[in-house]
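Only one structure is covered here, and it is reproduced in the block below.
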Amino acid sequence: MSFIAFSVKITGRVQGVAFRNWTQSRARSLGLAGWVQNDPTGSVSAFVQGPKTNVETLLNDLWSGPAAASVRDVQSSKATPDDSLTGFSILR
């Protein structure tokens, strides 16, 4: 199975709408590792790693987010997997 990792930045109305909790729940359901956090700029950043198909699914799902969100853009760039990550966390 091919594992990949991506750094992601999501912009739009993505803070104050449970975007981090939604992302964590979705990532966990896909068996992914990583983290998600709010940025001071009003965007949300994430680091996601796992099986290629599952990571790609989450990257596509981030365009929707939770019902109250209004995603303007999802920018992702390939990253080096971090073997120390287990589970999917919300960083404060």
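Chain labels A, B, ... are given in the sequence in which chains occur in the structure tokens; within each chain residues are numbered consecutively from 1, and ligands are likewise numbered from 1 in the order shown.
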
Subject >> Test item: residues at most 12 Å from Trp22 of chain A, only C-alpha atoms, excluding those fewer than 2 positions along its chain, as a PyMOL selection string >> reply: chain A and resi 14-20+24-29+36-37+44+58+61-62+64-69+88-90

Original post:
Running DSSP on the backbone, which parts of segment 37-78 of chain A land in alpha helix (DSSP H), as JSON, numbers by chain?
Top reply: {"A": [52, 53, 54, 55, 56, 57, 58, 59, 60, 61]}

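For Leu59 of chain A, the set of protein, DNA and RNA residues having any atom at most 9 Å away, when counting only C-alpha atoms and skipping those fewer than 6 positions along the same chain, is Phe6, Val8, Val48, Val74 and Ser76 of chain A.
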
Output file for the selection above: all heavy atoms, as a short mmCIF file (atom, residue, chain, number, x, y, z; two decimals), in the first residue's frame:
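To be explicit, this is the file written out as result_35.cif:
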data_model
loop_
_atom_site.label_atom_id
_atom_site.label_comp_id
_atom_site.auth_asym_id
_atom_site.auth_seq_id
_atom_site.Cartn_x
_atom_site.Cartn_y
_atom_site.Cartn_z
N PHE A 6 0.52 15.18 2.83
CA PHE A 6 0.29 16.50 2.27
C PHE A 6 0.15 17.53 3.38
O PHE A 6 -0.44 17.24 4.42
CB PHE A 6 -1.00 16.53 1.43
CG PHE A 6 -0.84 16.02 0.04
CD1 PHE A 6 -0.96 14.67 -0.23
CD2 PHE A 6 -0.55 16.88 -1.01
CE1 PHE A 6 -0.81 14.18 -1.51
CE2 PHE A 6 -0.40 16.41 -2.30
CZ PHE A 6 -0.53 15.05 -2.55
N VAL A 8 -1.72 21.09 3.99
CA VAL A 8 -2.93 21.65 3.39
C VAL A 8 -3.29 22.98 4.06
O VAL A 8 -3.12 23.14 5.27
CB VAL A 8 -4.13 20.68 3.56
CG1 VAL A 8 -5.33 21.17 2.78
CG2 VAL A 8 -3.76 19.27 3.14
N VAL A 48 -1.70 15.80 6.64
CA VAL A 48 -2.45 14.55 6.49
C VAL A 48 -1.55 13.50 5.86
O VAL A 48 -0.88 13.78 4.86
CB VAL A 48 -3.68 14.78 5.57
CG1 VAL A 48 -4.49 13.53 5.44
CG2 VAL A 48 -4.52 15.93 6.07
N VAL A 74 -8.66 25.23 -1.35
CA VAL A 74 -7.90 24.20 -0.66
C VAL A 74 -6.59 24.06 -1.42
O VAL A 74 -6.59 23.65 -2.57
CB VAL A 74 -8.64 22.84 -0.62
CG1 VAL A 74 -7.76 21.77 0.02
CG2 VAL A 74 -9.97 22.96 0.09
N SER A 76 -2.89 22.32 -1.47
CA SER A 76 -2.17 21.20 -0.88
C SER A 76 -0.83 21.03 -1.59
O SER A 76 -0.71 21.29 -2.78
CB SER A 76 -2.98 19.91 -0.97
OG SER A 76 -3.26 19.58 -2.31
#

**OP:** Please measure the separation of atom CA of Gly12 of chain A and atom CA of Ser43 of chain A, giving the value in Å to one decimal.
**Re:**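 Atom-to-atom, atom CA of Gly12 of chain A to atom CA of Ser43 of chain A, that is 6.8 Å.
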
**OP:** Please report, as a VMD selection string, each residue of segment 4-46 of chain A to which DSSP assigns strand (DSSP E) when run on this structure's backbone.
**Re:** chain A and resid 4 to 13 33 to 38 44 to 46

Original post:
Which residue gives the smallest distance to Gly34 of chain A among A:Asn21, A:Ser77, A:Arg72, A:Ala5, with only C-alpha atoms counted?
Top reply: A:Ala5

**OP:** For Lys52 of chain A, work out the shell of residues within 6 Å, counting only C-alpha atoms and skipping chain neighbours fewer than 3 positions away, then give it as a list in words.
**Re:**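 In the requested format, the answer is Ser2, Phe3, Ile4 and Val55 of chain A.
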
Please save N, CA and C atoms of the selected residues as an mmCIF file, in the first residue's frame.
data_model
loop_
_atom_site.group_PDB
_atom_site.id
_atom_site.type_symbol
_atom_site.label_atom_id
_atom_site.label_comp_id
_atom_site.auth_asym_id
_atom_site.auth_seq_id
_atom_site.Cartn_x
_atom_site.Cartn_y
_atom_site.Cartn_z
ATOM 1 N N SER A 2 0.562 2.206 -0.810
ATOM 2 C CA SER A 2 1.355 3.414 -0.950
ATOM 3 C C SER A 2 0.885 4.492 0.034
ATOM 4 N N PHE A 3 1.800 4.948 0.904
ATOM 5 C CA PHE A 3 1.490 6.014 1.849
ATOM 6 C C PHE A 3 2.019 7.332 1.318
ATOM 7 N N ILE A 4 1.202 8.397 1.481
ATOM 8 C CA ILE A 4 1.597 9.730 1.048
ATOM 9 C C ILE A 4 1.262 10.720 2.155
ATOM 10 N N VAL A 55 -6.076 9.560 1.556
ATOM 11 C CA VAL A 55 -5.643 10.958 1.606
ATOM 12 C C VAL A 55 -6.329 11.746 0.500
#

Original post:
Of the residues A:Thr57, A:Thr86, A:Thr11, A:Thr80, which is the one nearest to Gly42 of chain A, using only C-alpha atoms?
Top reply: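 Among A:Thr57, A:Thr86, A:Thr11, A:Thr80, it is A:Thr11 that comes nearest to Gly42 of chain A.
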
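Note that the spacing between atom CA of Leu30 of chain A and atom CA of Leu85 of chain A amounts to 15.2 Å.
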